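Have a look at upload.txt; it's compact mmCIF, C-alpha atoms:
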```
# COMPACT_ATOMS: atom_id res chain seq x y z
CA MET A 1 0.00 0.00 0.00
CA LYS A 2 1.08 3.51 -0.78
CA GLN A 3 0.78 4.79 2.78
CA ASP A 4 3.34 2.25 3.95
CA ARG A 5 6.00 4.58 2.63
CA ARG A 6 4.85 7.39 4.85
CA ASN A 7 4.00 5.64 8.04
CA PHE A 8 4.76 6.43 11.68
CA ILE A 9 8.29 5.16 11.82
CA GLY A 10 9.19 5.97 8.26
CA LYS A 11 8.25 9.60 8.69
CA ILE A 12 9.77 10.00 12.11
CA SER A 13 13.00 8.36 11.04
CA ILE A 14 13.19 10.63 8.04
CA ALA A 15 12.60 13.65 10.29
CA ALA A 16 15.31 12.47 12.67
CA ALA A 17 17.65 11.84 9.76
CA ALA A 18 16.89 15.29 8.38
CA LEU A 19 17.71 16.82 11.76
CA ALA A 20 20.98 14.96 11.76
CA GLY A 21 21.77 16.20 8.25
CA LEU A 22 21.97 12.77 6.63
CA SER A 23 21.82 12.17 2.88
CA SER A 24 18.61 11.22 1.07
CA PHE A 25 20.00 7.78 0.53
CA THR A 26 20.49 7.23 4.25
CA LYS A 27 17.05 8.64 5.02
CA LYS A 28 15.52 6.15 2.60
CA ALA A 29 17.51 3.30 4.09
CA ILE A 30 16.32 4.21 7.59
CA ALA A 31 12.71 4.56 6.44
CA GLN A 32 12.77 1.14 4.81
CA LYS A 33 13.61 -0.53 8.12
CA ARG A 34 9.86 -0.43 8.86
CA LYS A 35 7.76 -3.13 7.23
CA THR A 36 4.47 -3.74 9.06
CA MET A 37 2.62 -2.35 12.04
CA PHE A 38 0.22 -3.79 14.63
CA ILE A 39 -1.72 -1.11 16.52
CA HIS A 40 -3.21 -2.12 19.89
CA HIS A 41 -5.36 0.64 21.39
CA VAL A 42 -7.04 0.10 24.75
CA PHE A 43 -9.50 2.43 26.50
CA PHE A 44 -10.09 2.07 30.25
CA TRP A 45 -13.18 3.23 32.13
CA LEU A 46 -12.56 3.52 35.88
CA LYS A 47 -14.81 2.08 38.61
CA ASN A 48 -14.29 5.43 40.35
CA PRO A 49 -14.16 7.84 37.42
CA ASP A 50 -13.64 10.85 39.67
CA SER A 51 -10.71 9.37 41.56
CA SER A 52 -7.47 10.91 40.35
CA ALA A 53 -5.66 8.55 42.75
CA ASP A 54 -7.10 5.55 40.88
CA ARG A 55 -6.17 7.06 37.54
CA ASP A 56 -2.64 7.68 38.78
CA LYS A 57 -2.38 4.05 39.92
CA LEU A 58 -3.47 2.86 36.49
CA VAL A 59 -1.00 5.18 34.76
CA GLN A 60 1.76 3.91 37.06
CA GLY A 61 0.84 0.33 36.17
CA LEU A 62 0.90 1.13 32.46
CA THR A 63 4.26 2.84 32.81
CA LYS A 64 5.66 -0.38 34.30
CA LEU A 65 3.93 -2.37 31.56
CA SER A 66 5.59 -0.24 28.90
CA LYS A 67 8.93 -1.90 29.66
CA ILE A 68 7.90 -5.07 27.80
CA LYS A 69 10.52 -5.52 25.10
CA THR A 70 8.24 -6.26 22.13
CA ILE A 71 6.50 -2.86 22.48
CA ARG A 72 7.89 -0.65 19.73
CA HIS A 73 6.20 2.59 20.87
CA PHE A 74 3.52 3.58 23.34
CA HIS A 75 1.41 6.51 24.43
CA ILE A 76 -0.57 6.93 27.66
CA GLY A 77 -3.38 9.42 27.18
CA LYS A 78 -6.47 10.99 28.64
CA PRO A 79 -9.45 12.46 26.72
CA ALA A 80 -8.64 15.68 24.90
CA ASP A 81 -10.81 18.77 25.29
CA THR A 82 -12.51 18.17 21.92
CA ASN A 83 -16.21 17.48 22.23
CA ARG A 84 -18.32 16.58 19.21
CA GLU A 85 -21.14 14.07 18.92
CA VAL A 86 -18.92 11.39 17.35
CA ILE A 87 -16.23 11.68 20.03
CA GLU A 88 -16.16 9.09 22.81
CA ARG A 89 -14.75 10.77 25.90
CA GLY A 90 -16.13 8.76 28.80
CA TYR A 91 -12.98 6.69 29.25
CA ALA A 92 -10.31 7.67 31.77
CA VAL A 93 -7.10 6.39 30.17
CA SER A 94 -5.97 5.59 26.62
CA TRP A 95 -3.19 3.04 26.15
CA LEU A 96 -1.83 3.03 22.61
CA LEU A 97 0.78 0.49 21.58
CA GLN A 98 2.62 -0.12 18.37
CA PHE A 99 4.15 -3.52 17.64
CA ASP A 100 6.15 -4.59 14.61
CA LYS A 101 4.06 -7.69 14.05
CA ASP A 102 1.17 -9.85 15.30
CA ALA A 103 3.50 -12.22 17.11
CA ASP A 104 4.94 -9.39 19.21
CA GLN A 105 1.46 -8.42 20.40
CA ALA A 106 0.66 -12.07 21.17
CA SER A 107 3.86 -12.34 23.18
CA TYR A 108 2.98 -9.14 25.06
CA GLN A 109 -0.39 -10.63 26.08
CA SER A 110 1.23 -13.58 27.83
CA ASP A 111 4.28 -11.72 29.20
CA PRO A 112 4.58 -12.12 33.01
CA VAL A 113 4.78 -8.31 33.33
CA HIS A 114 1.39 -8.03 31.59
CA LEU A 115 -0.16 -10.73 33.76
CA GLN A 116 1.16 -8.95 36.85
CA PHE A 117 -0.33 -5.66 35.60
CA ILE A 118 -3.76 -7.30 35.26
CA GLU A 119 -3.45 -8.78 38.75
CA GLU A 120 -2.44 -5.45 40.28
CA CYS A 121 -4.68 -3.06 38.35
CA SER A 122 -7.80 -4.82 37.08
CA HIS A 123 -9.74 -3.88 40.22
CA LEU A 124 -9.44 -0.24 39.08
CA TRP A 125 -11.43 -0.48 35.85
CA SER A 126 -15.10 -1.17 35.13
CA LYS A 127 -14.83 -1.50 31.35
CA VAL A 128 -12.17 -1.99 28.70
CA ILE A 129 -12.50 -1.66 24.93
CA VAL A 130 -9.68 -2.85 22.69
CA TYR A 131 -9.07 -2.05 19.02
CA ASP A 132 -6.41 -4.15 17.28
CA SER A 133 -5.54 -2.94 13.77
CA VAL A 134 -3.09 -4.01 11.12
CA ASP A 135 -2.04 -2.42 7.81
CA VAL A 136 -4.84 -2.43 5.20
CA MET B 1 5.35 12.24 33.30
CA LYS B 2 7.99 9.55 33.16
CA GLN B 3 6.68 8.00 29.97
CA ASP B 4 7.28 11.23 28.08
CA ARG B 5 10.92 10.24 27.89
CA ARG B 6 10.12 7.04 26.07
CA ASN B 7 7.35 8.07 23.77
CA PHE B 8 6.64 7.35 20.12
CA ILE B 9 8.88 9.94 18.57
CA GLY B 10 11.51 9.93 21.26
CA LYS B 11 12.05 6.23 20.86
CA ILE B 12 11.91 6.19 17.11
CA SER B 13 14.25 9.13 16.79
CA ILE B 14 16.71 7.44 19.11
CA ALA B 15 16.46 4.26 17.05
CA ALA B 16 17.03 6.23 13.85
CA ALA B 17 19.95 8.06 15.44
CA ALA B 18 21.41 4.76 16.61
CA LEU B 19 21.12 3.38 13.08
CA ALA B 20 22.93 6.42 11.80
CA GLY B 21 25.69 5.99 14.39
CA LEU B 22 25.16 9.35 16.09
CA SER B 23 26.53 10.23 19.52
CA SER B 24 24.45 9.97 22.69
CA PHE B 25 24.35 13.70 22.88
CA THR B 26 22.82 13.98 19.42
CA LYS B 27 20.35 11.20 20.18
CA LYS B 28 19.21 13.06 23.27
CA ALA B 29 18.89 16.31 21.33
CA ILE B 30 16.74 14.61 18.70
CA ALA B 31 14.59 12.90 21.33
CA GLN B 32 13.96 16.21 23.08
CA LYS B 33 12.45 17.70 19.92
CA ARG B 34 9.22 15.95 20.94
CA LYS B 35 7.19 17.75 23.56
CA THR B 36 3.51 16.80 23.40
CA MET B 37 1.26 14.52 21.42
CA PHE B 38 -2.37 14.65 20.30
CA ILE B 39 -3.72 11.25 19.21
CA HIS B 40 -6.81 11.28 16.96
CA HIS B 41 -8.14 7.76 16.33
CA VAL B 42 -11.20 7.27 14.12
CA PHE B 43 -13.04 4.02 13.43
CA PHE B 44 -15.32 3.75 10.39
CA TRP B 45 -18.20 1.31 9.97
CA LEU B 46 -19.24 0.92 6.32
CA LYS B 47 -22.83 1.08 5.03
CA ASN B 48 -21.87 -1.93 2.92
CA PRO B 49 -19.53 -3.79 5.25
CA ASP B 50 -18.93 -6.58 2.74
CA SER B 51 -17.95 -4.26 -0.11
CA SER B 52 -14.22 -4.29 -0.60
CA ALA B 53 -14.74 -1.65 -3.33
CA ASP B 54 -16.24 0.72 -0.75
CA ARG B 55 -13.43 0.01 1.69
CA ASP B 56 -10.89 0.69 -1.04
CA LYS B 57 -12.59 4.01 -1.84
CA LEU B 58 -12.42 5.03 1.81
CA VAL B 59 -8.76 4.02 2.05
CA GLN B 60 -8.05 6.03 -1.11
CA GLY B 61 -9.78 9.03 0.42
CA LEU B 62 -7.79 8.69 3.64
CA THR B 63 -4.55 8.41 1.69
CA LYS B 64 -5.34 11.74 0.03
CA LEU B 65 -6.32 13.15 3.42
CA SER B 66 -2.97 12.11 4.87
CA LYS B 67 -1.26 14.87 2.86
CA ILE B 68 -2.49 17.55 5.27
CA LYS B 69 0.64 19.22 6.57
CA THR B 70 -0.17 19.31 10.29
CA ILE B 71 -0.42 15.50 10.43
CA ARG B 72 2.79 14.29 12.07
CA HIS B 73 2.19 10.56 11.46
CA PHE B 74 -0.68 8.35 10.37
CA HIS B 75 -1.73 4.74 10.05
CA ILE B 76 -4.60 3.29 8.00
CA GLY B 77 -5.67 -0.06 9.44
CA LYS B 78 -8.20 -2.86 9.36
CA PRO B 79 -9.19 -5.16 12.25
CA ALA B 80 -6.47 -7.64 13.20
CA ASP B 81 -7.20 -11.35 13.52
CA THR B 82 -7.31 -11.13 17.33
CA ASN B 83 -10.71 -11.99 18.77
CA ARG B 84 -11.43 -11.70 22.47
CA GLU B 85 -14.54 -10.46 24.23
CA VAL B 86 -13.11 -6.99 24.90
CA ILE B 87 -12.00 -6.47 21.30
CA GLU B 88 -14.19 -4.33 19.04
CA ARG B 89 -13.78 -5.62 15.49
CA GLY B 90 -16.96 -4.59 13.70
CA TYR B 91 -15.40 -1.51 12.11
CA ALA B 92 -13.98 -1.60 8.59
CA VAL B 93 -11.19 0.98 8.71
CA SER B 94 -9.03 2.48 11.45
CA TRP B 95 -7.57 5.96 10.89
CA LEU B 96 -4.89 6.82 13.45
CA LEU B 97 -3.32 10.27 13.45
CA GLN B 98 -0.65 11.87 15.55
CA PHE B 99 -0.42 15.64 15.84
CA ASP B 100 2.12 17.69 17.76
CA LYS B 101 -0.53 19.77 19.50
CA ASP B 102 -4.26 20.49 19.85
CA ALA B 103 -4.11 23.41 17.42
CA ASP B 104 -2.77 21.17 14.66
CA GLN B 105 -5.72 18.83 15.05
CA ALA B 106 -8.14 21.76 15.06
CA SER B 107 -6.56 23.07 11.87
CA TYR B 108 -6.85 19.61 10.27
CA GLN B 109 -10.61 19.57 11.01
CA SER B 110 -11.21 22.73 9.01
CA ASP B 111 -8.64 22.08 6.26
CA PRO B 112 -10.24 22.20 2.76
CA VAL B 113 -8.74 18.76 2.03
CA HIS B 114 -10.59 17.37 5.05
CA LEU B 115 -13.86 19.01 4.06
CA GLN B 116 -13.45 17.58 0.56
CA PHE B 117 -12.82 14.12 2.02
CA ILE B 118 -16.08 14.32 4.00
CA GLU B 119 -17.95 15.44 0.89
CA GLU B 120 -16.51 12.65 -1.24
CA CYS B 121 -16.53 9.78 1.24
CA SER B 122 -19.19 10.31 3.94
CA HIS B 123 -21.77 8.37 1.90
CA LEU B 124 -19.61 5.28 2.45
CA TRP B 125 -19.87 5.02 6.22
CA SER B 126 -22.79 4.30 8.56
CA LYS B 127 -21.02 5.06 11.84
CA VAL B 128 -17.90 6.80 13.08
CA ILE B 129 -16.36 6.73 16.55
CA VAL B 130 -13.57 9.14 17.41
CA TYR B 131 -11.14 8.99 20.34
CA ASP B 132 -9.02 12.12 20.91
CA SER B 133 -6.30 11.69 23.53
CA VAL B 134 -3.56 13.89 24.91
CA ASP B 135 -0.64 13.16 27.24
CA VAL B 136 -1.73 12.33 30.81
```
As structure tokens, what does this structure read like?
Amino acid sequence: MKQDRRNFIGKISIAAAALAGLSSFTKKAIAQKRKTMFIHHVFFWLKNPDSSADRDKLVQGLTKLSKIKTIRHFHIGKPADTNREVIERGYAVSWLLQFDKDADQASYQSDPVHLQFIEECSHLWSKVIVYDSVDV
Amino acid sequence: MKQDRRNFIGKISIAAAALAGLSSFTKKAIAQKRKTMFIHHVFFWLKNPDSSADRDKLVQGLTKLSKIKTIRHFHIGKPADTNREVIERGYAVSWLLQFDKDADQASYQSDPVHLQFIEECSHLWSKVIVYDSVDV
């Protein structure tokens, strides 16, 4: 697909290469390191949605979770200020992960650090929605 | 927050810098270019969910849309093969955007290219859910 050439890592690597003053050839070589992408996006609703202490605990847990080696990139978020009819903003925490491939996400699911996170933090949330997406 | 130091761009830039054999100092300088992140994640349900032609049209439209300058990075996805109770997989296309800041996302919303995309493609979808997230 066309957009593969201008994807997250490709673009960022090119930007980094540009900052470093590398040649076009090198930029291209860096960009081509990226082949596929597995996006795992999780939204957490808290049992106590007004408890900033509970949100902090969840964020702390996710920060520990982020150390899992197969995670390529991650972002921990909260709802933005935008507010239109199509925008879902009832969740408390967004957990966005990028993996290089399906197998890395599967390995993350069964990683002891992930199982420990569930054990330590699952009492905090009332609902979870997960979106797993791969390149079209 | 701690995770700011190991975020999408920070990590990727460091990886790119490492590939290019740059010094630690340069890697750090590149990583620090990234300050904040606005994640805009849209999920499209098609009116004709079994029409690959309609999905292709939407993907084409999104590819054109991806040219908007304030978009830092994007990913066009489809549901992965994963299938657990918490996973939402009824959508046809995932449209994940990263902006540097709220204002860039606001500017994207009113960009003529975006308005043209809505005009040309909105007949294709039956439902849209949007998640806008910023750094915790």
Selection: 7 Å around Val113 (chain A), all atoms listed in the file, excl. self and same-chain fewer than 3 positions, as a ChimeraX atom specification: /A:65,116-117
Using all atoms listed in the file, I'd like a table of the residues in chain B that come within 6 Å of chain A; for each, show the closest atom pair and its distance in Å rounded to one decimal, ordered by chain and ascending number, as a tab-separated table.
```
residue	atom	partner	partner_atom	distance
B:Asn7	CA	A:Phe74	CA	5.9
B:Phe8	CA	A:His73	CA	4.8
B:Ser13	CA	A:Ala16	CA	5.4
B:Ala16	CA	A:Ser13	CA	5.4
B:His73	CA	A:Phe8	CA	4.9
B:Phe74	CA	A:Asn7	CA	5.9
B:Gly77	CA	A:Asp135	CA	4.6
B:Lys78	CA	A:Ser133	CA	5.2
B:Pro79	CA	A:Ser133	CA	4.5
B:Ala80	CA	A:Ser133	CA	4.8
B:Val86	CA	A:Ile129	CA	5.4
B:Ile87	CA	A:Val130	CA	4.5
B:Glu88	CA	A:Tyr131	CA	5.6
B:Ile129	CA	A:Val86	CA	5.4
B:Val130	CA	A:Ile87	CA	4.5
B:Tyr131	CA	A:Glu88	CA	5.6
B:Asp132	CA	A:Ala80	CA	5.4
B:Ser133	CA	A:Pro79	CA	4.5
B:Val134	CA	A:Gly77	CA	5.0
B:Asp135	CA	A:Gly77	CA	4.6
B:Val136	CA	A:Gly77	CA	4.9
```
Between CA of Trp45 (chain A) and CA of Asp104 (chain A), distance in Å (one decimal): 25.6 Å
Could you work out an axis-aligned box for region 101-120 of chain A, taking every atom the file lists and adding 8 Å on each side, and report centre and edge lengths in Å to one decimal, as lines of an AutoDock Vina configuration file?
```
center_x = 0.6
center_y = -9.5
center_z = 27.2
size_x = 24.7
size_y = 24.1
size_z = 42.2
```
Shell around Leu124 (chain B) at 8 Å using all atoms listed in the file, local window under 3 positions removed, as an NGL selection string: :B and (46-48 or 54 or 58 or 121)
Residue subset to file, keeping C-alpha atoms, as a CSV table (one decimal), in the frame of the given file:
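And here is the file that came out, part-v5.csv:
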```csv
chain,number,residue,atom,x,y,z
B,46,LEU,CA,-19.2,0.9,6.3
B,47,LYS,CA,-22.8,1.1,5.0
B,48,ASN,CA,-21.9,-1.9,2.9
B,54,ASP,CA,-16.2,0.7,-0.8
B,58,LEU,CA,-12.4,5.0,1.8
B,121,CYS,CA,-16.5,9.8,1.2
```
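The space separating CA of Ser107 (chain B) from CA of Phe44 (chain A) comes to 28.1 Å.
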